[in-house]
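**Q** Attaching a single structure in structure tokens format; questions to follow.
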Amino acid sequence: MLYAYPCQLTPDEAGGFVAAFPDVPEAITGGSDRAETLALAEDALAAALAGYAHAKRDIPAPSEASGGQALVAVPPVAAAKLALYTAMKAQRITKVELAAKLGVSEAAVRKLTNPDHRSHVSQVQRALKAVGCSLAVEITAA
């Protein structure tokens with residue numbers, strides 16, 4: 001799944017913009033101009049989706065962007081961790097089971113699956129392979 005979500009930018013009466021995500025209503029932020037608002041929107045989106053994982057909720061699939069909506073991507077390591085969370089949940093793989101597959105401690109897997117913990121992308125990629133997934137990076141024009 002591509003972790004890039006449509007974002008609606010609305011001019012704020014006080015100036016600047018408000019960013020909201022139809023697929024992730026918990027992610028809302030604002031900025032003084034379009035560029036700042038989109039940068040803050042990426043952080044708001046990542047934080048909201050991390051909240052879904054912490055609450056053990058399903059990560060919503062992004063819808064197609066419609067006219068006027070910007071597409072905001074989740075940062076790469078966060079997207080990889082969300083994909084790992086989604087795969088583990090779908091396959092009902094526990095952290096203990098993943099730890100055994102990877103030959104690491106359950107505490108290490110807890111850190112690896114925590115969207116708020118810093119992890120090296122190669123570690124998350126290895127865990128994704130262990131649950132039958134692969135990681136691909138797509139580069140697009142900004």
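Chain labels A, B, ... are given in the sequence in which chains occur in the structure tokens; within each chain residues are numbered consecutively from 1, and ligands are likewise numbered from 1 in the order shown.
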Residues near range 60-65 of chain A, anyone? I mean within 7 Å using only C-alpha atoms, not counting same-chain ones fewer than 6 positions away, as a PyMOL selection string.

**A** chain A and resi 4-6+23+71

**Q** For Cys7 in chain A, which of A:Thr113, A:Thr37, A:Gln91, A:Thr140 is the closest residue, counting only C-alpha atoms?

**A**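 Ranking A:Thr113, A:Thr37, A:Gln91, A:Thr140 by distance to Cys7 in chain A, first place goes to A:Thr37.
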
**Q** So how far away is CA of Asp12 in chain A from CA of Glu26 in chain A, in Å?

**A** 18.3 Å

**Q** Hey, which of A:Ala90, A:Leu45, A:Met1, A:Ala99 ends up closest to Pro25 in chain A? Count only C-alpha atoms.

**A**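 Smallest separation from Pro25 in chain A among the options: A:Leu45.
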
**Q** Counting only C-alpha atoms, which residue out of A:Pro115, A:Ser32, A:Val109, A:Lys101 sits closest to Gly15 in chain A?

**A** A:Ser32

**Q** Please identify the strand (DSSP E or B) residues within range 1-93 of chain A (assignment by DSSP from backbone atoms) and present them as number ranges by chain.

**A** A: 4-11, 17-20, 28-31, 70-73

**Q** With a distance cut-off of 12 Å and only C-alpha atoms, select the neighbouring residues of Ala87 in chain A, excluding the residue or stretch itself and same-chain residues fewer than 3 positions from it, and output the selection as a count of residues only.

**A** 25

**Q** Could you check the closest approach to Arg118 in chain A for each of A:Val96, A:Met88, A:Ala78, A:Gln8 and tell me which residue wins, using only C-alpha atoms?

**A**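 The closest residue to Arg118 in chain A is A:Ala78.
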